[in-house]
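Containing compact mmCIF, C-alpha atoms: protein.txt.
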```
# COMPACT_ATOMS: atom_id res chain seq x y z
CA MET E 1 -9.26 -2.59 17.94
CA LEU E 2 -7.56 0.40 16.42
CA GLY E 3 -3.82 0.09 16.83
CA PRO E 4 -2.06 3.02 18.48
CA GLN E 5 0.03 3.73 15.40
CA SER E 6 -2.29 3.15 12.51
CA SER E 7 -3.54 6.29 10.79
CA LEU E 8 -7.11 7.07 11.62
CA VAL E 9 -9.30 7.43 8.55
CA MET E 10 -12.88 8.67 8.67
CA TYR E 11 -15.37 8.04 5.88
CA ASP E 12 -18.70 9.78 5.21
CA GLU E 13 -20.85 6.79 6.11
CA GLU E 14 -19.24 6.17 9.51
CA TYR E 15 -19.11 9.88 10.24
CA LYS E 16 -22.88 10.13 9.73
CA ARG E 17 -23.47 7.09 11.95
CA ILE E 18 -21.26 8.61 14.65
CA MET E 19 -23.03 11.97 14.45
CA THR E 20 -26.45 10.33 14.71
CA LEU E 21 -25.28 8.38 17.73
CA ILE E 22 -23.75 11.29 19.64
CA GLU E 23 -26.73 13.53 18.85
CA LYS E 24 -28.96 10.85 20.38
CA LEU E 25 -26.64 10.61 23.38
CA LEU E 26 -26.77 14.40 23.77
CA ARG E 27 -30.57 14.31 23.96
CA GLU E 28 -30.88 11.25 26.16
CA SER E 29 -28.23 12.34 28.65
CA ASN E 30 -29.50 15.94 28.79
CA SER E 31 -25.96 17.16 28.26
CA ASN E 32 -24.65 20.38 26.67
CA VAL E 33 -21.79 19.25 24.48
CA ILE E 34 -20.43 15.92 23.32
CA PHE E 35 -17.28 15.36 21.37
CA LEU E 36 -15.20 12.48 20.21
CA VAL E 37 -11.41 12.71 20.15
CA ASP E 38 -8.67 10.46 18.89
CA LYS E 39 -6.14 9.54 21.63
CA ASN E 40 -3.56 11.59 19.71
CA GLY E 41 -5.63 14.73 20.22
CA GLN E 42 -7.45 15.00 16.88
CA LEU E 43 -11.09 16.03 17.05
CA ILE E 44 -13.27 13.45 15.30
CA ALA E 45 -16.80 14.77 15.83
CA ALA E 46 -18.65 17.26 18.03
CA THR E 47 -22.26 18.15 18.73
CA GLY E 48 -24.26 20.43 21.02
CA GLU E 49 -23.46 23.98 22.08
CA THR E 50 -20.04 24.08 20.46
CA GLU E 51 -20.21 27.63 18.97
CA HIS E 52 -18.48 29.27 21.93
CA LEU E 53 -16.09 26.42 22.60
CA ASP E 54 -12.55 26.08 21.33
CA THR E 55 -13.03 22.43 20.35
CA THR E 56 -9.52 22.02 18.90
CA SER E 57 -7.93 23.03 22.22
CA LEU E 58 -10.42 20.92 24.15
CA ALA E 59 -9.53 17.91 22.03
CA SER E 60 -5.81 18.36 22.52
CA LEU E 61 -6.10 18.90 26.29
CA THR E 62 -8.47 15.95 26.68
CA ALA E 63 -5.95 13.70 24.95
CA GLY E 64 -3.19 15.12 27.15
CA ASN E 65 -5.36 14.47 30.20
CA ILE E 66 -6.04 10.87 29.16
CA ALA E 67 -2.35 10.36 28.39
CA ALA E 68 -1.30 11.71 31.80
CA THR E 69 -3.83 9.64 33.74
CA GLY E 70 -2.87 6.63 31.61
CA GLY E 71 0.70 7.18 32.75
CA LEU E 72 -0.47 7.34 36.36
CA ALA E 73 -2.47 4.12 35.88
CA LYS E 74 0.58 2.26 34.62
CA LEU E 75 2.64 3.44 37.60
CA ILE E 76 0.22 1.73 39.98
CA GLY E 77 -0.14 -1.38 37.81
CA GLU E 78 -3.45 -0.53 36.10
CA LYS E 79 -3.87 -0.78 32.33
CA GLU E 80 -5.71 2.53 32.11
CA PHE E 81 -8.39 4.55 33.88
CA SER E 82 -11.26 4.14 31.45
CA ILE E 83 -13.47 6.82 33.01
CA LEU E 84 -12.54 10.28 34.27
CA PHE E 85 -14.90 12.79 35.84
CA HIS E 86 -14.23 16.47 36.50
CA GLU E 87 -16.71 18.35 38.65
CA GLY E 88 -16.97 22.13 38.38
CA GLU E 89 -19.25 24.72 40.01
CA LYS E 90 -21.62 24.74 37.04
CA ASP E 91 -20.29 22.44 34.37
CA ASN E 92 -18.90 18.94 34.63
CA ILE E 93 -16.91 16.81 32.22
CA HIS E 94 -17.28 13.05 31.86
CA ILE E 95 -14.50 11.39 29.84
CA SER E 96 -14.40 7.74 28.80
CA ILE E 97 -12.18 5.64 26.57
CA ILE E 98 -13.84 3.61 23.81
CA GLY E 99 -12.20 0.73 22.00
CA GLY E 100 -8.84 1.60 23.52
CA ARG E 101 -8.21 4.48 21.14
CA VAL E 102 -11.08 6.96 21.00
CA ILE E 103 -12.17 9.31 23.79
CA LEU E 104 -15.79 10.27 24.38
CA VAL E 105 -16.26 13.58 26.21
CA VAL E 106 -19.60 14.69 27.66
CA ILE E 107 -20.01 18.18 29.13
CA PHE E 108 -23.13 18.65 31.26
CA ASP E 109 -24.59 20.93 33.96
CA GLN E 110 -27.26 20.70 36.67
CA ARG E 111 -29.92 19.81 34.12
CA SER E 112 -28.40 16.34 34.06
CA SER E 113 -26.62 14.16 36.60
CA LEU E 114 -23.52 12.01 36.76
CA GLY E 115 -25.68 8.89 37.14
CA LEU E 116 -27.70 9.61 34.01
CA VAL E 117 -24.61 10.50 31.98
CA ARG E 118 -22.81 7.33 33.07
CA LEU E 119 -25.80 5.19 32.20
CA ARG E 120 -26.31 6.68 28.74
CA VAL E 121 -22.58 6.76 27.97
CA LYS E 122 -22.29 3.07 28.81
CA LYS E 123 -25.03 2.17 26.35
CA ALA E 124 -23.75 4.48 23.62
CA SER E 125 -20.18 3.20 24.06
CA ILE E 126 -21.18 -0.27 22.90
CA GLU E 127 -22.77 1.10 19.72
CA LEU E 128 -19.86 3.45 19.14
CA GLY E 129 -17.46 0.53 19.54
CA VAL E 130 -19.27 -1.29 16.72
CA ILE E 131 -18.98 1.71 14.37
CA LEU E 132 -15.28 2.06 15.17
CA GLU E 133 -14.71 -1.63 14.43
CA ASP E 134 -16.42 -1.15 11.05
CA LEU E 135 -14.17 1.82 10.42
CA VAL E 136 -11.06 -0.23 11.17
CA ARG E 137 -12.19 -2.98 8.80
CA LYS E 138 -12.85 -0.45 6.07
CA THR E 139 -9.44 1.16 6.59
CA GLU E 140 -7.74 -2.26 6.42
CA ILE E 141 -9.45 -3.09 3.13
CA HIS E 142 -8.40 0.31 1.84
CA ASP E 143 -4.81 -0.25 3.00
CA GLU E 144 -4.63 -3.55 1.13
CA ALA E 145 -5.33 -1.73 -2.09
CA PRO E 146 -3.10 1.32 -1.75
CA GLY E 147 -3.32 4.09 -4.27
CA VAL E 148 -6.89 3.31 -5.23
CA ASP E 149 -8.81 6.60 -5.34
CA SER E 150 -6.41 8.07 -2.80
CA PRO E 151 -6.22 11.85 -3.04
CA PHE E 152 -2.65 11.87 -1.73
CA ALA E 153 -0.95 9.62 -4.25
CA GLU E 154 -0.91 12.54 -6.67
CA ILE E 155 0.54 15.18 -4.34
CA THR E 156 3.33 17.10 -6.06
CA ASP E 157 6.16 19.20 -4.66
CA ASP E 158 4.36 22.24 -6.05
CA ASP E 159 1.23 21.40 -4.05
CA ILE E 160 3.31 21.29 -0.90
CA ASP E 161 5.21 24.50 -1.71
CA ASN E 162 1.93 26.29 -2.42
CA LEU E 163 0.80 25.66 1.16
CA PHE E 164 3.47 28.02 2.40
CA ASN E 165 2.98 30.84 -0.06
CA MET L 1 -0.47 9.21 13.40
CA SER L 2 -2.23 11.32 10.83
CA PHE L 3 -6.00 11.56 10.83
CA ILE L 4 -7.60 11.62 7.40
CA ASN L 5 -11.21 12.71 7.48
CA TYR L 6 -13.05 12.10 4.20
CA ALA L 7 -16.28 13.39 5.72
CA SER L 8 -14.94 16.89 6.41
CA ARG L 9 -12.13 16.58 3.82
CA GLU L 10 -9.34 17.26 6.27
CA ILE L 11 -5.87 15.89 6.93
CA ASN L 12 -4.54 16.34 10.47
CA CYS L 13 -0.90 15.73 11.32
CA LYS L 14 1.07 15.96 14.56
CA ILE L 15 4.53 17.49 14.73
CA VAL L 16 6.60 17.42 17.92
CA TYR L 17 9.41 19.85 18.74
CA TYR L 18 11.98 18.04 20.90
CA GLY L 19 15.24 19.18 22.49
CA PRO L 20 17.05 20.00 25.75
CA GLY L 21 15.69 22.46 28.32
CA LEU L 22 15.75 26.13 27.27
CA CYS L 23 16.80 25.34 23.68
CA GLY L 24 13.92 27.37 22.21
CA LYS L 25 11.12 24.92 21.41
CA THR L 26 8.41 27.13 22.89
CA THR L 27 10.04 30.20 21.29
CA ASN L 28 9.74 28.50 17.87
CA LEU L 29 6.00 27.99 18.41
CA GLN L 30 5.50 31.49 19.80
CA TYR L 31 7.14 33.05 16.75
CA ILE L 32 5.05 30.95 14.37
CA TYR L 33 1.93 31.86 16.36
CA ASN L 34 2.72 35.60 16.27
CA LYS L 35 3.44 35.65 12.56
CA THR L 36 0.54 33.52 11.36
CA ALA L 37 -2.67 35.09 10.06
CA GLN L 38 -5.57 34.97 12.51
CA ASP L 39 -7.73 32.72 10.34
CA ALA L 40 -4.96 30.14 9.91
CA LYS L 41 -4.27 29.48 13.58
CA GLY L 42 -6.07 28.34 16.67
CA LYS L 43 -5.32 29.30 20.24
CA MET L 44 -1.82 28.50 21.47
CA ILE L 45 -1.91 26.56 24.71
CA SER L 46 1.06 26.45 27.05
CA LEU L 47 0.97 24.22 30.07
CA ALA L 48 3.85 25.89 31.86
CA THR L 49 5.10 26.58 35.38
CA GLU L 50 4.92 30.05 36.95
CA THR L 51 8.40 30.72 35.63
CA GLU L 52 7.24 29.89 32.11
CA ARG L 53 9.07 26.58 31.88
CA THR L 54 7.06 24.02 29.93
CA LEU L 55 5.44 21.62 32.37
CA PHE L 56 3.53 19.31 30.04
CA PHE L 57 3.34 20.69 26.50
CA ASP L 58 2.67 23.68 24.25
CA PHE L 59 0.09 23.21 21.55
CA LEU L 60 -0.48 25.24 18.40
CA PRO L 61 -3.00 24.20 15.73
CA LEU L 62 -2.28 25.57 12.24
CA ALA L 63 -4.36 25.38 9.08
CA LEU L 64 -1.98 25.61 6.16
CA GLY L 65 -4.39 25.56 3.26
CA GLU L 66 -5.69 22.95 0.87
CA ILE L 67 -4.05 20.09 -0.95
CA ARG L 68 -6.15 18.32 -3.55
CA GLY L 69 -9.32 19.61 -1.91
CA PHE L 70 -8.28 18.52 1.57
CA LYS L 71 -7.77 21.09 4.33
CA THR L 72 -4.30 20.51 5.75
CA ARG L 73 -3.98 21.01 9.47
CA PHE L 74 -0.82 20.65 11.51
CA HIS L 75 -0.85 20.32 15.26
CA LEU L 76 2.46 21.50 16.69
CA TYR L 77 3.50 20.29 20.12
CA THR L 78 6.58 20.91 22.24
CA VAL L 79 7.82 18.62 24.98
CA PRO L 80 9.14 19.78 28.37
CA GLY L 81 12.91 19.81 27.91
CA GLN L 82 14.03 19.40 31.49
CA VAL L 83 15.49 15.94 32.14
CA PHE L 84 13.12 14.98 34.97
CA TYR L 85 9.97 15.41 32.87
CA ASP L 86 10.73 12.27 30.88
CA ALA L 87 7.39 10.60 31.63
CA SER L 88 5.56 13.56 30.06
CA ARG L 89 7.83 13.59 27.01
CA LYS L 90 6.97 9.97 26.26
CA LEU L 91 3.25 10.76 26.30
CA ILE L 92 3.56 13.63 23.85
CA LEU L 93 5.40 11.48 21.31
CA LYS L 94 2.36 9.22 20.99
CA GLY L 95 0.97 9.33 17.47
CA VAL L 96 3.67 11.67 16.17
CA ASP L 97 3.95 12.21 12.39
CA GLY L 98 7.13 14.28 12.32
CA VAL L 99 9.84 15.45 14.73
CA VAL L 100 11.88 18.64 14.89
CA PHE L 101 14.96 18.45 17.10
CA VAL L 102 15.86 21.93 18.33
CA ALA L 103 19.53 21.97 19.30
CA ASP L 104 21.00 24.70 21.51
CA SER L 105 24.13 25.86 19.68
CA GLN L 106 25.86 27.21 22.79
CA GLU L 107 29.08 25.36 23.64
CA GLU L 108 28.04 24.64 27.22
CA ARG L 109 24.85 22.91 26.02
CA LEU L 110 26.61 20.42 23.76
CA ASP L 111 26.26 17.55 26.23
CA ALA L 112 22.62 18.43 26.91
CA ASN L 113 21.92 18.23 23.15
CA ILE L 114 23.50 14.80 22.86
CA GLU L 115 21.65 13.54 25.94
CA SER L 116 18.33 14.85 24.61
CA MET L 117 18.91 13.25 21.19
CA GLU L 118 19.58 9.88 22.85
CA ASN L 119 16.49 10.37 24.97
CA LEU L 120 14.42 11.07 21.83
CA LYS L 121 15.61 7.84 20.21
CA ASP L 122 14.91 5.82 23.36
CA ASN L 123 11.44 7.28 23.84
CA LEU L 124 10.48 6.77 20.20
CA GLU L 125 11.64 3.17 20.33
CA GLU L 126 9.49 2.65 23.39
CA GLN L 127 6.50 3.78 21.29
CA GLY L 128 7.53 1.42 18.49
CA PHE L 129 8.95 4.14 16.22
CA GLN L 130 12.37 4.38 14.64
CA LEU L 131 13.75 7.87 14.29
CA GLU L 132 15.34 6.92 10.96
CA LYS L 133 11.93 6.14 9.52
CA LEU L 134 10.14 9.26 10.73
CA PRO L 135 10.06 12.66 9.04
CA PHE L 136 12.84 14.35 11.00
CA ILE L 137 14.51 17.78 10.89
CA ILE L 138 17.30 19.18 13.04
CA GLN L 139 17.36 22.89 13.81
CA TYR L 140 20.57 24.43 15.18
CA ASN L 141 19.10 27.26 17.20
CA LYS L 142 20.63 30.37 18.78
CA ARG L 143 23.15 30.85 15.96
CA ASP L 144 23.27 34.55 16.85
CA LEU L 145 25.00 33.92 20.18
CA PRO L 146 28.79 34.46 20.44
CA ASN L 147 29.65 31.13 22.12
CA CYS L 148 28.30 28.85 19.39
CA THR L 149 29.72 25.45 18.56
CA PRO L 150 30.73 25.35 14.87
CA ILE L 151 28.03 23.84 12.63
CA GLU L 152 30.39 21.11 11.39
CA GLU L 153 30.91 19.87 14.92
CA LEU L 154 27.19 19.94 15.76
CA ARG L 155 26.48 18.05 12.54
CA LYS L 156 29.07 15.41 13.35
CA LEU L 157 27.65 14.83 16.81
CA LEU L 158 23.92 15.25 16.27
CA ASN L 159 23.34 14.44 12.62
CA PRO L 160 25.51 11.47 11.59
CA ASN L 161 22.78 10.24 9.21
CA GLY L 162 22.61 13.55 7.36
CA VAL L 163 18.92 14.33 7.81
CA PRO L 164 17.83 17.79 6.60
CA ASP L 165 19.13 20.41 9.04
CA LEU L 166 19.12 24.18 9.23
CA GLU L 167 20.34 27.09 11.29
CA ALA L 168 17.97 29.33 13.20
CA CYS L 169 17.49 32.07 15.69
CA ALA L 170 14.02 31.43 17.04
CA ALA L 171 13.98 34.62 19.13
CA THR L 172 14.12 36.75 15.95
CA GLY L 173 12.29 34.16 13.90
CA GLU L 174 15.11 33.37 11.53
CA GLY L 175 14.75 29.79 10.31
CA THR L 176 11.55 28.98 12.22
CA PHE L 177 9.19 28.91 9.23
CA GLU L 178 11.85 27.19 7.12
CA THR L 179 12.03 24.47 9.79
CA LEU L 180 8.26 24.06 9.89
CA LYS L 181 8.08 23.95 6.12
CA ALA L 182 10.84 21.34 5.92
CA VAL L 183 9.16 19.00 8.40
CA ALA L 184 5.66 19.56 6.98
CA LYS L 185 6.96 18.72 3.53
CA GLN L 186 8.46 15.46 4.77
CA VAL L 187 5.25 14.54 6.59
CA LEU L 188 3.18 15.10 3.45
CA ILE L 189 5.63 13.14 1.31
CA ASP L 190 5.33 10.33 3.87
CA LEU L 191 1.56 10.51 3.59
CA LYS L 192 1.87 10.26 -0.17
CA LYS L 193 4.06 7.15 0.12
CA GLY L 194 1.67 5.52 2.55
CA SER L 195 -1.41 6.29 0.52
```

What's the structure tokens form of this structure?
Amino acid sequence: MLGPQSSLVMYDEEYKRIMTLIEKLLRESNSNVIFLVDKNGQLIAATGETEHLDTTSLASLTAGNIAATGGLAKLIGEKEFSILFHEGEKDNIHISIIGGRVILVVIFDQRSSLGLVRLRVKKASIELGVILEDLVRKTEIHDEAPGVDSPFAEITDDDIDNLFN
Amino acid sequence: MSFINYASREINCKIVYYGPGLCGKTTNLQYIYNKTAQDAKGKMISLATETERTLFFDFLPLALGEIRGFKTRFHLYTVPGQVFYDASRKLILKGVDGVVFVADSQEERLDANIESMENLKDNLEEQGFQLEKLPFIIQYNKRDLPNCTPIEELRKLLNPNGVPDLEACAATGEGTFETLKAVAKQVLIDLKKGS
């Protein structure tokens, strides 16, 4: 499982596998938008009708939401609430935690149903968990050989100063 | 912690502004938001009460530019400063890459600053962090006010380890970008060390 304090690293191969998986989930669950967020609020991947959505804000608020409900869970002696559901007049949001660290968000309307979304999310979560495990293993191997092809080892003070000019 | 995305060639880092109630954390973010070019910022979100006191957090995503072909994004968060929102403060510190402590320079807020600094250390320890090991900047805010504690005294009480610190007046913007730059620089240097 991804530790809460290890840096999350995403590679091309896993990113493509994740995108394929959430695109399939989007079709099979008849939903409008799906996105994947790190528990710290970083957007990992998104698919569906995202053009008119502020996905960065959605990611941050989803993580805040999960953090707040996680706090509530602990107060009553639960480890976490692994599924959250918000029902609106037209759109609904289904949020679930995968592998303890990543949050899967599904936005859907009347063309789908909570039952269908839950069913498809459950199946996809298992596959997503496998990809995330692979990602952790890859990151660990990378961490054991620090500096190898890392783009950050070469950062200079000038690079950093240039960001602010 | 930071999120490095090789697929989209992005680095994402989280910076948290901490400090006692009404010290100017939200004002820091608002100034940065107002003075940043449209294409470099996302929407600023404030989860605040009706009287504009921060209830959960403020959030401002910034895209600073590229380093070695990687887009560098910083997500700035503030915590609610009021003492009784401690549970929320702990949540926002999760996964933090760098901390800015905004101190209120007014004499009557000296105790509140010290209490908030202790609270920051406690809450970080609870998350398994040590303040000494994190990128950390102290900003002495509200230096324009007449009833300010002298800098030397603030330093002695709040900055015994001599971390980088600077003076500011967030309401007029003085020192806000310098603070952000200082913490961002430390975060990136940290990333370099860890890479």

Please report, as a tab-separated table, each residue of chain L lying at most 8 Å from chain E, together with the nearest pair of atoms and the separation in Å rounded to one decimal; use only C-alpha atoms, and order rows by chain and ascending residue number.
```
residue	atom	partner	partner_atom	distance
L:Met1	CA	E:Ser7	CA	5.0
L:Ser2	CA	E:Ser7	CA	5.2
L:Phe3	CA	E:Leu8	CA	4.7
L:Ile4	CA	E:Val9	CA	4.7
L:Asn5	CA	E:Met10	CA	4.5
L:Tyr6	CA	E:Tyr11	CA	5.0
L:Ala7	CA	E:Asp12	CA	4.4
L:Asn12	CA	E:Gln42	CA	7.2
L:Gly42	CA	E:Thr56	CA	7.5
L:Lys43	CA	E:Ser57	CA	7.1
L:Ile45	CA	E:Ser57	CA	7.4
L:Phe59	CA	E:Ser60	CA	7.7
L:Pro61	CA	E:Thr56	CA	7.6
L:Leu64	CA	E:Leu163	CA	5.7
L:Gly65	CA	E:Leu163	CA	5.6
L:Glu66	CA	E:Leu163	CA	7.0
L:Ile67	CA	E:Asp159	CA	6.3
L:Arg68	CA	E:Pro151	CA	6.5
L:Ala87	CA	E:Gly71	CA	7.6
L:Ser88	CA	E:Ala68	CA	7.3
L:Leu91	CA	E:Ala67	CA	6.0
L:Ile92	CA	E:Gly64	CA	7.7
L:Lys94	CA	E:Asn40	CA	6.5
L:Gly95	CA	E:Asn40	CA	5.5
L:Lys181	CA	E:Phe164	CA	7.2
L:Lys185	CA	E:Ile160	CA	6.3
L:Leu188	CA	E:Ile160	CA	7.6
L:Ile189	CA	E:Ile155	CA	7.9
L:Leu191	CA	E:Phe152	CA	6.9
L:Lys192	CA	E:Ala153	CA	5.0
L:Lys193	CA	E:Ala153	CA	7.1
L:Gly194	CA	E:Pro146	CA	7.7
L:Ser195	CA	E:Gly147	CA	5.6
```

>> Just want the 12 Å neighbourhood of His94 in chain E, counted on only C-alpha atoms, with same-chain residues fewer than 5 positions away dropped. Output as JSON, numbers by chain.
In response: {"E": [29, 31, 32, 33, 34, 35, 36, 62, 66, 82, 83, 84, 85, 86, 87, 88, 103, 104, 105, 106, 107, 108, 109, 112, 113, 114, 115, 116, 117, 118, 119, 120, 121, 122]}

Min atom-atom distance to Leu58 in chain E from the set E:Ile95, E:Leu26, E:Ile141, E:Leu128, counting all atoms listed in the file, belongs to E:Ile95

task: For Leu110 in chain L, work out the shell of residues within 9 Å, counting all atoms listed in the file and skipping chain neighbours fewer than 5 positions away, then give it as a list in words.
output: Ala103, Asp104, Ser105, Glu115, Thr149, Leu154 and Leu157 of chain L

Separating CA of Gly98 in chain L from CA of Cys23 in chain L, to the nearest tenth of an Å, is a gap of 18.6 Å

Counting all atoms listed in the file, the option among E:Ala124, E:Thr20, E:Asn30, E:Arg137 closest to Gln110 in chain E: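 Checking each of E:Ala124, E:Thr20, E:Asn30, E:Arg137 against Gln110 in chain E, counting all atoms listed in the file, the winner is E:Asn30.
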
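Minimum atom-to-atom distances from L:Phe74, L:Tyr31, L:Phe129, L:Phe84 to Ala170 in chain L were compared using only C-alpha atoms, and the lowest value belongs to L:Tyr31.
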